[in-house]
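Student: Below is the file model38.pdb, which contains PDB, C-alpha atoms.
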ATOM      1  CA  LEU R  11     169.716 118.696  77.919  1.00  0.00           C
ATOM      2  CA  MET R  12     166.327 119.574  76.551  1.00  0.00           C
ATOM      3  CA  LYS R  13     164.546 122.433  78.221  1.00  0.00           C
ATOM      4  CA  ALA R  14     160.901 122.088  79.129  1.00  0.00           C
ATOM      5  CA  PRO R  15     158.704 124.338  77.007  1.00  0.00           C
ATOM      6  CA  LEU R  16     157.379 127.424  78.720  1.00  0.00           C
ATOM      7  CA  ILE R  17     153.587 127.585  79.049  1.00  0.00           C
ATOM      8  CA  ILE R  18     152.523 131.170  78.772  1.00  0.00           C
ATOM      9  CA  SER R  19     149.010 131.943  79.910  1.00  0.00           C
ATOM     10  CA  SER R  20     147.065 134.607  78.125  1.00  0.00           C
ATOM     11  CA  SER R  21     145.184 135.547  81.340  1.00  0.00           C
ATOM     12  CA  THR R  22     146.301 138.457  83.424  1.00  0.00           C
ATOM     13  CA  PRO R  23     146.787 138.194  87.202  1.00  0.00           C
ATOM     14  CA  ARG R  24     143.568 140.194  87.746  1.00  0.00           C
ATOM     15  CA  GLN R  25     141.623 137.766  85.552  1.00  0.00           C
ATOM     16  CA  ASN R  26     143.138 134.827  87.374  1.00  0.00           C
ATOM     17  CA  ALA R  27     142.074 136.351  90.724  1.00  0.00           C
ATOM     18  CA  ALA R  28     138.558 136.937  89.413  1.00  0.00           C
ATOM     19  CA  LYS R  29     138.338 133.319  88.283  1.00  0.00           C
ATOM     20  CA  ALA R  30     139.465 132.131  91.698  1.00  0.00           C
ATOM     21  CA  LYS R  31     136.922 134.399  93.374  1.00  0.00           C
ATOM     22  CA  GLY R  32     134.150 133.180  91.090  1.00  0.00           C
ATOM     23  CA  GLY R  33     135.010 129.575  91.851  1.00  0.00           C
ATOM     24  CA  GLY R  34     134.827 130.291  95.588  1.00  0.00           C
ATOM     25  CA  GLY R  35     131.455 132.012  95.189  1.00  0.00           C
ATOM     26  CA  ALA R  36     130.075 129.044  93.283  1.00  0.00           C
ATOM     27  CA  GLY R  37     131.262 126.732  96.046  1.00  0.00           C
ATOM     28  CA  ALA R  38     129.635 128.904  98.695  1.00  0.00           C
ATOM     29  CA  GLY R  39     126.383 128.955  96.694  1.00  0.00           C
ATOM     30  CA  GLU R  40     126.394 125.190  96.421  1.00  0.00           C
ATOM     31  CA  GLU R  41     127.026 124.947 100.139  1.00  0.00           C
ATOM     32  CA  ASP R  42     124.103 127.277 100.864  1.00  0.00           C
ATOM     33  CA  GLN R  43     121.865 125.245  98.586  1.00  0.00           C
ATOM     34  CA  GLY R  44     122.896 122.069 100.384  1.00  0.00           C
ATOM     35  CA  GLN R  45     122.153 123.627 103.753  1.00  0.00           C
ATOM     36  CA  ASN R  46     118.744 124.845 102.548  1.00  0.00           C
ATOM     37  CA  ALA R  47     117.895 121.412 101.192  1.00  0.00           C
ATOM     38  CA  GLN R  48     118.935 119.822 104.476  1.00  0.00           C
ATOM     39  CA  TRP R  49     116.877 122.353 106.414  1.00  0.00           C
ATOM     40  CA  ARG R  50     113.812 121.694 104.259  1.00  0.00           C
ATOM     41  CA  GLN R  51     114.227 117.979 104.781  1.00  0.00           C
ATOM     42  CA  ASP R  52     114.517 118.438 108.546  1.00  0.00           C
ATOM     43  CA  ALA R  53     111.465 120.720 108.548  1.00  0.00           C
ATOM     44  CA  ARG R  54     109.459 118.149 106.586  1.00  0.00           C
ATOM     45  CA  LEU R  55     110.429 115.429 109.031  1.00  0.00           C
ATOM     46  CA  ALA R  56     109.501 117.706 111.947  1.00  0.00           C
ATOM     47  CA  ARG R  57     106.056 118.326 110.434  1.00  0.00           C
ATOM     48  CA  GLN R  58     105.551 114.616 109.893  1.00  0.00           C
ATOM     49  CA  ASN R  59     106.557 113.940 113.483  1.00  0.00           C
ATOM     50  CA  ALA R  60     104.088 116.581 114.707  1.00  0.00           C
ATOM     51  CA  LEU R  61     101.263 114.948 112.737  1.00  0.00           C
ATOM     52  CA  MET R  62     102.236 111.511 114.016  1.00  0.00           C
ATOM     53  CA  ASP R  63     102.143 112.859 117.571  1.00  0.00           C
ATOM     54  CA  VAL R  64      98.546 113.980 116.981  1.00  0.00           C
ATOM     55  CA  VAL R  65      97.601 110.518 115.715  1.00  0.00           C
ATOM     56  CA  LYS R  66      99.259 108.814 118.677  1.00  0.00           C
ATOM     57  CA  CYS R  67      97.576 111.150 121.131  1.00  0.00           C
ATOM     58  CA  VAL R  68      94.098 110.667 119.660  1.00  0.00           C
ATOM     59  CA  VAL R  69      94.542 106.890 119.540  1.00  0.00           C
ATOM     60  CA  CYS R  70      95.698 106.718 123.161  1.00  0.00           C
ATOM     61  CA  TRP R  71      92.863 108.910 124.405  1.00  0.00           C
ATOM     62  CA  THR R  72      90.327 106.969 122.346  1.00  0.00           C
ATOM     63  CA  LEU R  73      91.483 103.707 123.885  1.00  0.00           C
ATOM     64  CA  GLY R  74      91.317 105.308 127.309  1.00  0.00           C
ATOM     65  CA  ALA R  75      87.775 106.563 126.673  1.00  0.00           C
ATOM     66  CA  PHE R  76      86.637 103.099 125.599  1.00  0.00           C
ATOM     67  CA  PHE R  77      88.316 101.602 128.667  1.00  0.00           C
ATOM     68  CA  LEU R  78      86.560 103.999 131.051  1.00  0.00           C
ATOM     69  CA  ALA R  79      83.226 103.476 129.306  1.00  0.00           C
ATOM     70  CA  GLY R  80      83.709  99.725 129.602  1.00  0.00           C
ATOM     71  CA  ILE R  81      84.316 100.059 133.339  1.00  0.00           C
ATOM     72  CA  ALA R  82      81.152 102.152 133.687  1.00  0.00           C
ATOM     73  CA  TRP R  83      79.022  99.590 131.908  1.00  0.00           C
ATOM     74  CA  ALA R  84      80.652  96.757 133.865  1.00  0.00           C
ATOM     75  CA  ILE R  85      79.786  98.464 137.161  1.00  0.00           C
ATOM     76  CA  ALA R  86      76.220  99.042 135.980  1.00  0.00           C
ATOM     77  CA  HIS R  87      75.869  95.405 134.902  1.00  0.00           C
ATOM     78  CA  TRP R  88      77.290  94.199 138.204  1.00  0.00           C
ATOM     79  CA  THR R  89      74.938  96.479 140.131  1.00  0.00           C
ATOM     80  CA  VAL R  90      71.821  95.319 138.293  1.00  0.00           C
ATOM     81  CA  SER R  91      72.632  91.609 138.056  1.00  0.00           C
ATOM     82  CA  LEU R  92      73.594  91.255 141.723  1.00  0.00           C
ATOM     83  CA  ALA R  93      71.123  93.858 143.055  1.00  0.00           C
ATOM     84  CA  VAL R  94      73.904  95.721 144.811  1.00  0.00           C
ATOM     85  CA  PRO R  95      72.692  98.622 146.994  1.00  0.00           C
ATOM     86  CA  PRO R  96      73.575 102.110 145.739  1.00  0.00           C
ATOM     87  CA  HIS R  97      75.702 102.975 148.756  1.00  0.00           C
ATOM     88  CA  VAL R  98      77.968 100.005 148.008  1.00  0.00           C
ATOM     89  CA  VAL R  99      78.793 101.018 144.452  1.00  0.00           C
ATOM     90  CA  ALA R 100      78.808 104.756 145.152  1.00  0.00           C
ATOM     91  CA  PRO R 101      82.582 104.854 145.900  1.00  0.00           C
ATOM     92  CA  TRP R 102      83.309 103.150 142.574  1.00  0.00           C
ATOM     93  CA  TRP R 103      81.227 105.682 140.666  1.00  0.00           C
ATOM     94  CA  ALA R 104      82.921 108.495 142.574  1.00  0.00           C
ATOM     95  CA  LEU R 105      86.370 107.192 141.633  1.00  0.00           C
ATOM     96  CA  LEU R 106      85.279 106.734 138.018  1.00  0.00           C
ATOM     97  CA  GLY R 107      84.177 110.349 137.878  1.00  0.00           C
ATOM     98  CA  PHE R 108      87.040 111.883 139.860  1.00  0.00           C
ATOM     99  CA  MET R 109      90.183 110.176 138.578  1.00  0.00           C
ATOM    100  CA  PRO R 110      89.933 110.841 134.799  1.00  0.00           C
ATOM    101  CA  VAL R 111      89.320 114.569 135.243  1.00  0.00           C
ATOM    102  CA  TRP R 112      92.026 114.936 137.885  1.00  0.00           C
ATOM    103  CA  PHE R 113      94.691 113.176 135.818  1.00  0.00           C
ATOM    104  CA  ALA R 114      93.626 114.617 132.449  1.00  0.00           C
ATOM    105  CA  GLU R 115      96.204 117.441 132.422  1.00  0.00           C
ATOM    106  CA  PRO R 116      99.320 115.344 133.218  1.00  0.00           C
ATOM    107  CA  LEU R 117      98.162 112.616 130.855  1.00  0.00           C
ATOM    108  CA  LEU R 118      97.708 115.161 128.079  1.00  0.00           C
ATOM    109  CA  GLN R 119     101.166 116.542 128.802  1.00  0.00           C
ATOM    110  CA  ARG R 120     102.604 113.049 128.368  1.00  0.00           C
ATOM    111  CA  SER R 121     100.782 112.360 125.087  1.00  0.00           C
ATOM    112  CA  ALA R 122      99.975 115.535 123.104  1.00  0.00           C
ATOM    113  CA  ALA R 123     103.508 116.321 121.844  1.00  0.00           C
ATOM    114  CA  GLY R 124     104.965 112.826 121.911  1.00  0.00           C
ATOM    115  CA  LEU R 125     104.572 109.888 124.246  1.00  0.00           C
ATOM    116  CA  TYR R 126     106.480 110.340 127.515  1.00  0.00           C
ATOM    117  CA  LEU R 127     106.006 107.225 129.614  1.00  0.00           C
ATOM    118  CA  ARG R 128     108.768 108.180 132.046  1.00  0.00           C
ATOM    119  CA  GLY R 129     110.036 111.321 133.671  1.00  0.00           C
ATOM    120  CA  THR R 130     108.566 114.103 135.763  1.00  0.00           C
ATOM    121  CA  CYS R 131     105.869 116.349 134.362  1.00  0.00           C
ATOM    122  CA  GLY R 132     104.358 119.503 135.755  1.00  0.00           C
ATOM    123  CA  GLN R 133     103.142 122.971 134.920  1.00  0.00           C
ATOM    124  CA  GLY R 134     106.229 124.872 136.021  1.00  0.00           C
ATOM    125  CA  PRO R 135     109.628 124.646 137.748  1.00  0.00           C
ATOM    126  CA  LEU R 136     109.946 122.027 140.413  1.00  0.00           C
ATOM    127  CA  SER R 137     110.148 123.282 143.980  1.00  0.00           C
ATOM    128  CA  LEU R 138     113.349 122.721 145.902  1.00  0.00           C
ATOM    129  CA  CYS R 139     113.545 120.313 148.774  1.00  0.00           C
ATOM    130  CA  PRO R 140     116.342 118.878 150.943  1.00  0.00           C
ATOM    131  CA  THR R 141     116.592 115.788 148.761  1.00  0.00           C
ATOM    132  CA  SER R 142     117.105 117.887 145.593  1.00  0.00           C
ATOM    133  CA  PRO R 143     118.973 121.062 146.603  1.00  0.00           C
ATOM    134  CA  THR R 144     119.558 122.207 143.024  1.00  0.00           C
ATOM    135  CA  PRO R 145     116.862 122.844 140.410  1.00  0.00           C
ATOM    136  CA  PHE R 146     116.671 120.583 137.418  1.00  0.00           C
ATOM    137  CA  ALA R 147     114.765 120.675 134.169  1.00  0.00           C
ATOM    138  CA  LEU R 148     111.472 118.881 133.745  1.00  0.00           C
ATOM    139  CA  ALA R 149     111.797 115.622 131.872  1.00  0.00           C
ATOM    140  CA  VAL R 150     108.425 116.169 130.183  1.00  0.00           C
ATOM    141  CA  PRO R 151     108.176 119.630 128.555  1.00  0.00           C
ATOM    142  CA  VAL R 152     105.241 121.889 129.370  1.00  0.00           C
ATOM    143  CA  LEU R 153     102.728 122.022 126.527  1.00  0.00           C
ATOM    144  CA  PRO R 154     102.073 125.201 124.540  1.00  0.00           C
ATOM    145  CA  GLY R 155      98.827 126.756 125.700  1.00  0.00           C
ATOM    146  CA  ALA R 156      98.834 124.752 128.933  1.00  0.00           C
ATOM    147  CA  PRO R 157      96.939 124.143 131.074  1.00  0.00           C
ATOM    148  CA  TRP R 158      94.217 122.657 128.903  1.00  0.00           C
ATOM    149  CA  PHE R 159      91.921 121.381 131.652  1.00  0.00           C
ATOM    150  CA  CYS R 160      90.217 123.636 134.169  1.00  0.00           C
ATOM    151  CA  GLY R 161      92.397 126.651 134.744  1.00  0.00           C
ATOM    152  CA  PRO R 162      95.985 127.514 135.634  1.00  0.00           C
ATOM    153  CA  THR R 163      95.927 126.041 139.161  1.00  0.00           C
ATOM    154  CA  PRO R 164      95.029 122.572 140.467  1.00  0.00           C
ATOM    155  CA  LEU R 165      92.107 123.957 142.492  1.00  0.00           C
ATOM    156  CA  PRO R 166      89.668 124.364 139.547  1.00  0.00           C
ATOM    157  CA  ARG R 167      90.611 120.915 138.308  1.00  0.00           C
ATOM    158  CA  LEU R 168      89.980 119.525 141.792  1.00  0.00           C
ATOM    159  CA  ALA R 169      86.566 121.173 141.834  1.00  0.00           C
ATOM    160  CA  ALA R 170      85.723 119.786 138.380  1.00  0.00           C
ATOM    161  CA  SER R 171      86.842 116.314 139.433  1.00  0.00           C
ATOM    162  CA  ALA R 172      84.700 116.434 142.552  1.00  0.00           C
ATOM    163  CA  ALA R 173      81.737 117.680 140.518  1.00  0.00           C
ATOM    164  CA  ALA R 174      82.097 114.782 138.081  1.00  0.00           C
ATOM    165  CA  ALA R 175      82.213 112.327 140.980  1.00  0.00           C
ATOM    166  CA  VAL R 176      79.069 113.837 142.533  1.00  0.00           C
ATOM    167  CA  VAL R 177      77.236 113.715 139.190  1.00  0.00           C
ATOM    168  CA  TYR R 178      78.067 110.039 138.646  1.00  0.00           C
ATOM    169  CA  VAL R 179      76.978 109.074 142.160  1.00  0.00           C
ATOM    170  CA  ALA R 180      73.805 111.187 141.997  1.00  0.00           C
ATOM    171  CA  VAL R 181      72.747 109.781 138.642  1.00  0.00           C
ATOM    172  CA  GLU R 182      73.285 106.213 139.810  1.00  0.00           C
ATOM    173  CA  TRP R 183      71.546 106.832 143.131  1.00  0.00           C
ATOM    174  CA  LEU R 184      68.602 108.925 141.947  1.00  0.00           C
ATOM    175  CA  VAL R 185      67.995 107.665 138.407  1.00  0.00           C
ATOM    176  CA  SER R 186      69.396 104.241 137.533  1.00  0.00           C
ATOM    177  CA  PRO R 187      72.657 102.352 136.956  1.00  0.00           C
ATOM    178  CA  LEU R 188      71.945 102.500 133.214  1.00  0.00           C
ATOM    179  CA  ALA R 189      71.861 106.301 133.334  1.00  0.00           C
ATOM    180  CA  ALA R 190      75.107 106.276 135.323  1.00  0.00           C
ATOM    181  CA  ALA R 191      76.693 104.067 132.664  1.00  0.00           C
ATOM    182  CA  VAL R 192      75.612 106.546 129.989  1.00  0.00           C
ATOM    183  CA  ALA R 193      77.125 109.367 132.043  1.00  0.00           C
ATOM    184  CA  GLY R 194      80.283 107.286 132.430  1.00  0.00           C
ATOM    185  CA  THR R 195      80.455 107.092 128.633  1.00  0.00           C
ATOM    186  CA  VAL R 196      79.767 110.766 127.951  1.00  0.00           C
ATOM    187  CA  GLY R 197      82.392 111.982 130.422  1.00  0.00           C
ATOM    188  CA  PRO R 198      85.393 110.232 128.811  1.00  0.00           C
ATOM    189  CA  ALA R 199      84.081 111.242 125.376  1.00  0.00           C
ATOM    190  CA  LEU R 200      84.186 114.905 126.411  1.00  0.00           C
ATOM    191  CA  LEU R 201      87.730 114.475 127.712  1.00  0.00           C
ATOM    192  CA  LEU R 202      88.661 112.812 124.415  1.00  0.00           C
ATOM    193  CA  LEU R 203      87.301 115.760 122.417  1.00  0.00           C
ATOM    194  CA  ARG R 204      89.215 118.234 124.566  1.00  0.00           C
ATOM    195  CA  ALA R 205      92.437 116.238 124.246  1.00  0.00           C
ATOM    196  CA  ALA R 206      92.037 115.934 120.464  1.00  0.00           C
ATOM    197  CA  HIS R 207      91.476 119.684 120.174  1.00  0.00           C
ATOM    198  CA  ALA R 208      94.574 120.354 122.282  1.00  0.00           C
ATOM    199  CA  ALA R 209      96.708 117.955 120.235  1.00  0.00           C
ATOM    200  CA  ILE R 210      95.628 119.544 116.932  1.00  0.00           C
ATOM    201  CA  TRP R 211      96.235 123.056 118.276  1.00  0.00           C
ATOM    202  CA  ILE R 212      99.698 122.099 119.540  1.00  0.00           C
ATOM    203  CA  CYS R 213     100.540 120.490 116.191  1.00  0.00           C
ATOM    204  CA  GLU R 214      99.504 123.673 114.364  1.00  0.00           C
ATOM    205  CA  TRP R 215     101.583 125.744 116.795  1.00  0.00           C
ATOM    206  CA  ARG R 216     104.648 123.603 116.150  1.00  0.00           C
ATOM    207  CA  VAL R 217     104.211 123.816 112.365  1.00  0.00           C
ATOM    208  CA  ASN R 218     103.772 127.598 112.521  1.00  0.00           C
ATOM    209  CA  LEU R 219     106.923 127.823 114.601  1.00  0.00           C
ATOM    210  CA  LEU R 220     108.817 125.957 111.878  1.00  0.00           C
ATOM    211  CA  TRP R 221     107.504 128.343 109.206  1.00  0.00           C
ATOM    212  CA  ARG R 222     108.545 131.357 111.259  1.00  0.00           C
ATOM    213  CA  GLU R 223     112.016 129.900 111.635  1.00  0.00           C
ATOM    214  CA  GLN R 224     112.185 129.306 107.878  1.00  0.00           C
ATOM    215  CA  LYS R 225     111.149 132.881 107.075  1.00  0.00           C
ATOM    216  CA  GLY R 226     113.571 134.245 109.646  1.00  0.00           C
TER     217      GLY R 226
END
Could you take the file, read its structure, and then write that structure out as structure tokens?
Tutor:
Amino acid sequence: LMKAPLIISSSTPRQNAAKAKGGGGAGAGEEDQGQNAQWRQDARLARQNALMDVVKCVVCWTLGAFFLAGIAWAIAHWTVSLAVPPHVVAPWWALLGFMPVWFAEPLLQRSAAGLYLRGTCGQGPLSLCPTSPTPFALAVPVLPGAPWFCGPTPLPRLAASAAAAVVYVAVEWLVSPLAAAVAGTVGPALLLLRAAHAAIWICEWRVNLLWREQKG
């Protein structure tokens, strides 16, 4: 029988252990590099999503501003063409001034950091009631820097909404329907500017949060 030749290695056991350790270190380094690359890719996608949320928010609020301005001019045209008395159209002007300001905060919460067409939104934990004995998380997250419209409680926003309604009615009653239509255009434009500012600020806050996580 022929014996298999012996293969004698010139490396010592210590050298062999060092080689094995070096191979493991290289594998760990490659794994860390892969994780860093994946994290950078996720961070880039998160930044792109934040910018897209700003675009979506501004587009939605712009469409809403044009819609409200169109309603204002339609009411003014209807008032002038049909010679409608001021007290008849006063409730419509009041609603047109009150509703956008009152619903500005929840609408911003549903659009500034992503579009949330469903779910419950609010400015804090939901209160308990017999129908929901256990607390549950809000479906729509609270925005950073919230509230963005008229103070931390609903009372200032209620006062601002009532003031806008009174201004619309007073302008239509004391000046002209054309002046009321102009006011009905300026009001939504101001809300649009505030919403755009909030969306940009929230986007910057989210991006800065990603950079802090990367440095940490």
Student: Applying the PyMOL selection byres ((chain R and resi 211) around 12) to the file I just gave you, which residues come out? Please list them as a short mmCIF file (atom, residue, chain, number, x, y, z; two decimals) with C-alpha atoms, in the frame of the given file.
Tutor:
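Resulting contents of part-v5.cif:
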data_model
loop_
_atom_site.label_atom_id
_atom_site.label_comp_id
_atom_site.auth_asym_id
_atom_site.auth_seq_id
_atom_site.Cartn_x
_atom_site.Cartn_y
_atom_site.Cartn_z
CA ALA R 60 104.09 116.58 114.71
CA LEU R 61 101.26 114.95 112.74
CA ASP R 63 102.14 112.86 117.57
CA VAL R 64 98.55 113.98 116.98
CA ALA R 122 99.98 115.54 123.10
CA ALA R 123 103.51 116.32 121.84
CA LEU R 153 102.73 122.02 126.53
CA PRO R 154 102.07 125.20 124.54
CA GLY R 155 98.83 126.76 125.70
CA ALA R 156 98.83 124.75 128.93
CA TRP R 158 94.22 122.66 128.90
CA ARG R 204 89.22 118.23 124.57
CA ALA R 205 92.44 116.24 124.25
CA ALA R 206 92.04 115.93 120.46
CA HIS R 207 91.48 119.68 120.17
CA ALA R 208 94.57 120.35 122.28
CA ALA R 209 96.71 117.96 120.24
CA ILE R 210 95.63 119.54 116.93
CA ILE R 212 99.70 122.10 119.54
CA CYS R 213 100.54 120.49 116.19
CA GLU R 214 99.50 123.67 114.36
CA TRP R 215 101.58 125.74 116.80
CA ARG R 216 104.65 123.60 116.15
CA VAL R 217 104.21 123.82 112.36
CA ASN R 218 103.77 127.60 112.52
#
Student: Would you list the contacts of segment 79-85 of chain R as a VMD selection string, taking every protein, DNA or RNA residue within 9 Å and counting only C-alpha atoms, but skipping same-chain residues closer than 2 positions in sequence?
Tutor: chain R and resid 74 to 77 87 to 90 99 102 to 103 106 187 to 188 190 to 199
Student: Could you check how far atom CA of Pro157 of chain R sits from atom CA of Ala175 of chain R, in Å to one decimal?
Tutor: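 Taking atom CA of Pro157 of chain R as the start and atom CA of Ala175 of chain R as the end point, the length is 21.3 Å.
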Student: Calculate how many Å separate atom CA of Gly107 of chain R from atom CA of Ala174 of chain R, rounding to one decimal.
Tutor: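 That distance, rounded to one decimal, is 4.9 Å.
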Student: When you look at Leu117 of chain R with a cut-off of 12 Å (counting only C-alpha atoms), what residues show up, excluding the ones that are within fewer than 2 positions of it in the same chain? I need them as a PDB file with C-alpha atoms, in the coordinates of the input.
Tutor:
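Output file selection05.pdb follows:
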ATOM      1  CA  CYS R  67      97.576 111.150 121.131  1.00  0.00           C
ATOM      2  CA  CYS R  70      95.698 106.718 123.161  1.00  0.00           C
ATOM      3  CA  TRP R  71      92.863 108.910 124.405  1.00  0.00           C
ATOM      4  CA  GLY R  74      91.317 105.308 127.309  1.00  0.00           C
ATOM      5  CA  MET R 109      90.183 110.176 138.578  1.00  0.00           C
ATOM      6  CA  PRO R 110      89.933 110.841 134.799  1.00  0.00           C
ATOM      7  CA  VAL R 111      89.320 114.569 135.243  1.00  0.00           C
ATOM      8  CA  TRP R 112      92.026 114.936 137.885  1.00  0.00           C
ATOM      9  CA  PHE R 113      94.691 113.176 135.818  1.00  0.00           C
ATOM     10  CA  ALA R 114      93.626 114.617 132.449  1.00  0.00           C
ATOM     11  CA  GLU R 115      96.204 117.441 132.422  1.00  0.00           C
ATOM     12  CA  GLN R 119     101.166 116.542 128.802  1.00  0.00           C
ATOM     13  CA  ARG R 120     102.604 113.049 128.368  1.00  0.00           C
ATOM     14  CA  SER R 121     100.782 112.360 125.087  1.00  0.00           C
ATOM     15  CA  ALA R 122      99.975 115.535 123.104  1.00  0.00           C
ATOM     16  CA  ALA R 123     103.508 116.321 121.844  1.00  0.00           C
ATOM     17  CA  GLY R 124     104.965 112.826 121.911  1.00  0.00           C
ATOM     18  CA  LEU R 125     104.572 109.888 124.246  1.00  0.00           C
ATOM     19  CA  TYR R 126     106.480 110.340 127.515  1.00  0.00           C
ATOM     20  CA  LEU R 127     106.006 107.225 129.614  1.00  0.00           C
ATOM     21  CA  ARG R 128     108.768 108.180 132.046  1.00  0.00           C
ATOM     22  CA  THR R 130     108.566 114.103 135.763  1.00  0.00           C
ATOM     23  CA  CYS R 131     105.869 116.349 134.362  1.00  0.00           C
ATOM     24  CA  GLY R 132     104.358 119.503 135.755  1.00  0.00           C
ATOM     25  CA  VAL R 150     108.425 116.169 130.183  1.00  0.00           C
ATOM     26  CA  VAL R 152     105.241 121.889 129.370  1.00  0.00           C
ATOM     27  CA  LEU R 153     102.728 122.022 126.527  1.00  0.00           C
ATOM     28  CA  PRO R 157      96.939 124.143 131.074  1.00  0.00           C
ATOM     29  CA  TRP R 158      94.217 122.657 128.903  1.00  0.00           C
ATOM     30  CA  PHE R 159      91.921 121.381 131.652  1.00  0.00           C
ATOM     31  CA  LEU R 201      87.730 114.475 127.712  1.00  0.00           C
ATOM     32  CA  LEU R 202      88.661 112.812 124.415  1.00  0.00           C
ATOM     33  CA  ALA R 205      92.437 116.238 124.246  1.00  0.00           C
ATOM     34  CA  ALA R 209      96.708 117.955 120.235  1.00  0.00           C
TER      35      ALA R 209
END
Student: Give me, please, the distance in Å between atom CA of Pro166 of chain R and atom CA of Val181 of chain R, quoted to one decimal.
Tutor: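 It comes out at 22.4 Å.
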Student: Can you sort out the box for segment 112-115 of chain R, edges along x, y and z, all listed atoms in, 3 Å on every side, with centre and edge lengths in Å to one decimal, as AutoDock Vina command-line options?
Tutor:
--center_x 94.1 --center_y 115.3 --center_z 135.2 --size_x 10.2 --size_y 10.3 --size_z 11.5
